[in-house]
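One structure is given here, and the rest of the page talks about it.
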Amino acid sequence: MRSGRGLFMFAILALAGAAWQPINHVPMPASQPDFEFVDMGDCRPSGPGQPPTQTFVEELKEIGYIHPDFVICNGDLVYGEDDTLDQYNTELTEIQKLVDALSVPFMNVPGNHEISEHQEFQEAYAKRMGAIHGSFDYGGWRFVGVCTDEFGSADKISDSQMEWIRQTVDGSEPTLVFMHRPIFARSGVDEAGATLADGTELHDLFKSHNVKGVFESHDHVFNLQNHDGIQYVITGGAGAPLDAPPQDGGFFHYLIIKVSGGQMSMEVIPLDGIQVVRVGEQVRVSAYCPYDIELNDFTFDWPSRPSSVTAVLDKKGKKSPVQVSLTGVDREASGYKVHVKFLLGKHRQTILTVK
């Protein structure tokens, strides 16, 4: 049993908030006015003791190619819930290995599966992953991570955290909020716990401040709503079992959020939106989505050190040159890891030729 003093200190920490830090300990890049980041959520497997899903593994691989400035996950990284504490810690270890391999900062705000009304889960998570809620500033924007499942306050916001949120969004910066449970449910979804019990209070707070977008998960779909000029985005397609057919948003995906000129835009990238095939001295990279995607760190293995890499866009047999930069070559036991940067054209195949 936690002592009264311990509970008091927990409340003080919740009120004060904390710097929202990457759980893979990769430093944040220098702040800049134009930037992009990835948002995702609900990466967990379908049952206790299972390894991270292949969907999540593949999405992380694609995100590595894109190499955004940072990644934010809206919770449910692990199954947790009715795990034993040993199972829970094993799952945290497995997920940590995956995100540690990513070369960009990865932040997470815990969901119901990380905490599940288990005080020992919340303590284990905080010890290994950092604060359960927090904020940071980047590019003139404020990023706020809210925990919707703090121990003792599942599906609602504790009084101490609500006061911290009020203080944190009370500024002139445009603000984006990230949390697990949605405020507004998708049409037709009405089960208990599908939304925050005190979501109306939180929305009223957001609309009276400079909150531009709220990114949520918990419902394993993609869903976009606008309420009082605020974009509410549900993204729950990073590996957990889907909650709807594709036409209702039930497909595996992640989001690329671009900020430029003080404006925000969003691209929904389906799983396998980037596919790679090796053919002789060529690496063929295809985009299976309706967006051009900047691949800032596309990597591939090669048996010898390349002297050059060229690229063309193949559009129905007509080829046009694509600017490609050879940004690095790493020596490995079996050959070389080659790093290049280029724009992957939407709906098309880009052919890299290695010499």
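Residue names in the structure tokens use chain letters A, B, ... in the order shown, residue numbers from 1 in each chain, and ligand numbers from 1 in the order shown.
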Could you give me, as JSON lines, every region 143-188 of chain A residue with an atom at most 12 Å from region 258-281 of chain A, plus its closest atom pair and distance in Å to one decimal, counting only C-alpha atoms, rows ordered by chain then number?
```
{"residue": "A:Glu173", "atom": "CA", "partner": "A:Gly262", "partner_atom": "CA", "distance": 10.3}
{"residue": "A:Pro174", "atom": "CA", "partner": "A:Gly262", "partner_atom": "CA", "distance": 8.4}
{"residue": "A:Thr175", "atom": "CA", "partner": "A:Met264", "partner_atom": "CA", "distance": 11.0}
{"residue": "A:Leu176", "atom": "CA", "partner": "A:Met264", "partner_atom": "CA", "distance": 10.2}
```
Written file, previous selection with C-alpha atoms, as an mmCIF file, in the first residue's frame:
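Output contents, as saved in part18.cif:
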```cif
data_model
loop_
_atom_site.group_PDB
_atom_site.id
_atom_site.type_symbol
_atom_site.label_atom_id
_atom_site.label_comp_id
_atom_site.auth_asym_id
_atom_site.auth_seq_id
_atom_site.Cartn_x
_atom_site.Cartn_y
_atom_site.Cartn_z
ATOM 1 C CA GLU A 173 1.255 29.426 -28.885
ATOM 2 C CA PRO A 174 -0.838 27.296 -31.239
ATOM 3 C CA THR A 175 -1.310 24.033 -29.356
ATOM 4 C CA LEU A 176 -1.733 20.373 -30.257
#
```
Test item: residues at most 6 Å from Asp76 (chain A), only C-alpha atoms, excluding those fewer than 2 positions along its chain, as a list of chain:residue names: A:Asp42, A:Arg44, A:Val78, A:Gly111, A:His113, A:Glu114
File dump, residues just selected, C-alpha atoms, as a PDB file, in the first residue's frame:
```
ATOM      1  CA  ASP A  42      -2.940   1.509 -30.541  1.00  0.00           C
ATOM      2  CA  ARG A  44      -0.687  -3.423 -28.916  1.00  0.00           C
ATOM      3  CA  VAL A  78       1.581  -2.936 -24.938  1.00  0.00           C
ATOM      4  CA  GLY A 111      -3.565   4.617 -22.570  1.00  0.00           C
ATOM      5  CA  HIS A 113      -3.691  -0.827 -21.576  1.00  0.00           C
ATOM      6  CA  GLU A 114      -0.528   0.693 -20.089  1.00  0.00           C
TER       7      GLU A 114
END
```
When distances are computed from only C-alpha atoms, which of A:His227, A:His220, A:Lys341, A:Lys127 shows the smallest separation from Leu295 (chain A)?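 Of A:His227, A:His220, A:Lys341, A:Lys127, the one nearest Leu295 (chain A), counting only C-alpha atoms, is A:Lys341.
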When you look at Leu352 (chain A) with a cut-off of 9 Å (counting only C-alpha atoms), what residues show up, excluding the ones that are within fewer than 6 positions of it in the same chain? I need them as a ChimeraX atom specification. /A:281-285,309-312,324
Restricted to C-alpha atoms, what would the selected residues look like written as a PDB file, in the first residue's frame?
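again29.pdb written:
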```pdb
ATOM      1  CA  GLU A 281      21.466  -3.359 -59.471  1.00  0.00           C
ATOM      2  CA  GLN A 282      18.171  -1.587 -58.870  1.00  0.00           C
ATOM      3  CA  VAL A 283      16.123  -0.864 -55.755  1.00  0.00           C
ATOM      4  CA  ARG A 284      12.506  -0.217 -56.716  1.00  0.00           C
ATOM      5  CA  VAL A 285      10.490   1.812 -54.207  1.00  0.00           C
ATOM      6  CA  VAL A 309      23.028   6.292 -56.787  1.00  0.00           C
ATOM      7  CA  THR A 310      20.686   7.687 -59.455  1.00  0.00           C
ATOM      8  CA  ALA A 311      16.892   7.641 -59.558  1.00  0.00           C
ATOM      9  CA  VAL A 312      14.024   7.870 -62.053  1.00  0.00           C
ATOM     10  CA  VAL A 324      18.521  11.697 -55.020  1.00  0.00           C
TER      11      VAL A 324
END
```
I want to know what sits within 6 Å of region 136-152 of chain A, based on only C-alpha atoms, with residues of the same chain fewer than 5 positions away left out; could you give that as an MDAnalysis selection string? chainID A and resid 20 31:33 109 111:112 117 119 157 173:179
Report as a PyMOL selection string all protein, DNA and RNA residues lying within 12 Å of Ser304 (chain A), evaluated on only C-alpha atoms, omitting residues in the same chain fewer than 4 positions from it. chain A and resi 281+300+308+329-338+354-355
Best match for closeness to Ala197 (chain A) among A:Lys156, A:Lys212, A:Gly134, A:Glu163, counting only C-alpha atoms: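 Closest candidate: A:Lys156.
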So, counting only C-alpha atoms, which residue among A:Asn108, A:Ser103, A:His118, A:Pro68 is closest to Asp82 (chain A)?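 When distances to Asp82 (chain A) are compared using only C-alpha atoms, the smallest one comes from A:His118.
Separating CA of Leu255 (chain A) from CA of Asn89 (chain A) is a distance of 28.2 Å.
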Using DSSP assignments from the backbone, pull out every residue in region 105-289 of chain A that falls under alpha helix (DSSP H) and give it to me as number ranges by chain. A: 112-115, 119-129, 159-169, 199-207
Go ahead and save the picked residues with C-alpha atoms, as a PDB file, in the first residue's frame.
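Final output, saved to again.pdb:
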```pdb
ATOM      1  CA  ASN A 112      -5.809   2.232 -20.700  1.00  0.00           C
ATOM      2  CA  HIS A 113      -3.691  -0.827 -21.576  1.00  0.00           C
ATOM      3  CA  GLU A 114      -0.528   0.693 -20.089  1.00  0.00           C
ATOM      4  CA  ILE A 115      -2.223   1.435 -16.746  1.00  0.00           C
ATOM      5  CA  GLN A 119      -1.055   1.275  -9.575  1.00  0.00           C
ATOM      6  CA  GLU A 120       1.953  -1.021 -10.033  1.00  0.00           C
ATOM      7  CA  PHE A 121       1.597  -0.726 -13.839  1.00  0.00           C
ATOM      8  CA  GLN A 122       1.604   3.055 -13.688  1.00  0.00           C
ATOM      9  CA  GLU A 123       4.661   3.029 -11.433  1.00  0.00           C
ATOM     10  CA  ALA A 124       6.501   0.565 -13.706  1.00  0.00           C
ATOM     11  CA  TYR A 125       5.623   2.630 -16.776  1.00  0.00           C
ATOM     12  CA  ALA A 126       6.757   5.904 -15.188  1.00  0.00           C
ATOM     13  CA  LYS A 127      10.009   4.353 -13.964  1.00  0.00           C
ATOM     14  CA  ARG A 128      10.915   2.985 -17.401  1.00  0.00           C
ATOM     15  CA  MET A 129       9.252   5.397 -19.840  1.00  0.00           C
ATOM     16  CA  ASP A 159      -8.449  17.222 -10.711  1.00  0.00           C
ATOM     17  CA  SER A 160      -4.712  17.757 -10.422  1.00  0.00           C
ATOM     18  CA  GLN A 161      -4.067  16.921 -14.078  1.00  0.00           C
ATOM     19  CA  MET A 162      -6.988  19.126 -15.189  1.00  0.00           C
ATOM     20  CA  GLU A 163      -5.440  22.067 -13.369  1.00  0.00           C
ATOM     21  CA  TRP A 164      -2.102  21.313 -15.025  1.00  0.00           C
ATOM     22  CA  ILE A 165      -3.812  21.222 -18.454  1.00  0.00           C
ATOM     23  CA  ARG A 166      -5.435  24.618 -17.764  1.00  0.00           C
ATOM     24  CA  GLN A 167      -2.059  26.126 -16.974  1.00  0.00           C
ATOM     25  CA  THR A 168      -0.328  24.444 -19.909  1.00  0.00           C
ATOM     26  CA  VAL A 169      -2.738  25.484 -22.688  1.00  0.00           C
ATOM     27  CA  GLY A 199     -14.737  15.310 -22.263  1.00  0.00           C
ATOM     28  CA  THR A 200     -17.164  18.250 -22.484  1.00  0.00           C
ATOM     29  CA  GLU A 201     -15.196  20.155 -19.849  1.00  0.00           C
ATOM     30  CA  LEU A 202     -11.955  19.468 -21.677  1.00  0.00           C
ATOM     31  CA  HIS A 203     -13.373  20.560 -25.044  1.00  0.00           C
ATOM     32  CA  ASP A 204     -14.708  23.786 -23.521  1.00  0.00           C
ATOM     33  CA  LEU A 205     -11.219  24.460 -22.188  1.00  0.00           C
ATOM     34  CA  PHE A 206      -9.633  23.765 -25.580  1.00  0.00           C
ATOM     35  CA  LYS A 207     -12.012  25.949 -27.578  1.00  0.00           C
TER      36      LYS A 207
END
```
Which of region 9-230 of chain A DSSP labels strand (DSSP E or B), written as a ChimeraX atom specification: /A:19,35-40,70-73,106-108,134-138,141-145,175-178,211-216,222-227,230
Do you have the CA of Leu344 (chain A)-CA of Ile293 (chain A) distance handy?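 Spanning CA of Leu344 (chain A) to CA of Ile293 (chain A) is a straight-line distance of 5.1 Å.
Minimum atom-to-atom distance to Val189 (chain A), evaluated using only C-alpha atoms, belongs to A:Asn223 out of A:Gln87, A:Thr55, A:Asn223, A:Gln247.
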Residue nearest Ser217 (chain A) - candidates A:Ser286, A:Gln323, A:Thr195, A:Thr353, atoms counted: only C-alpha atoms: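 With only C-alpha atoms as the atom set, the closest residue is A:Thr195.
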Pick from A:Phe222, A:Met28, A:Tyr232, A:Lys319: nearest to Pro246 (chain A), with only C-alpha atoms counted?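 Closest to Pro246 (chain A) of all the choices is A:Phe222.
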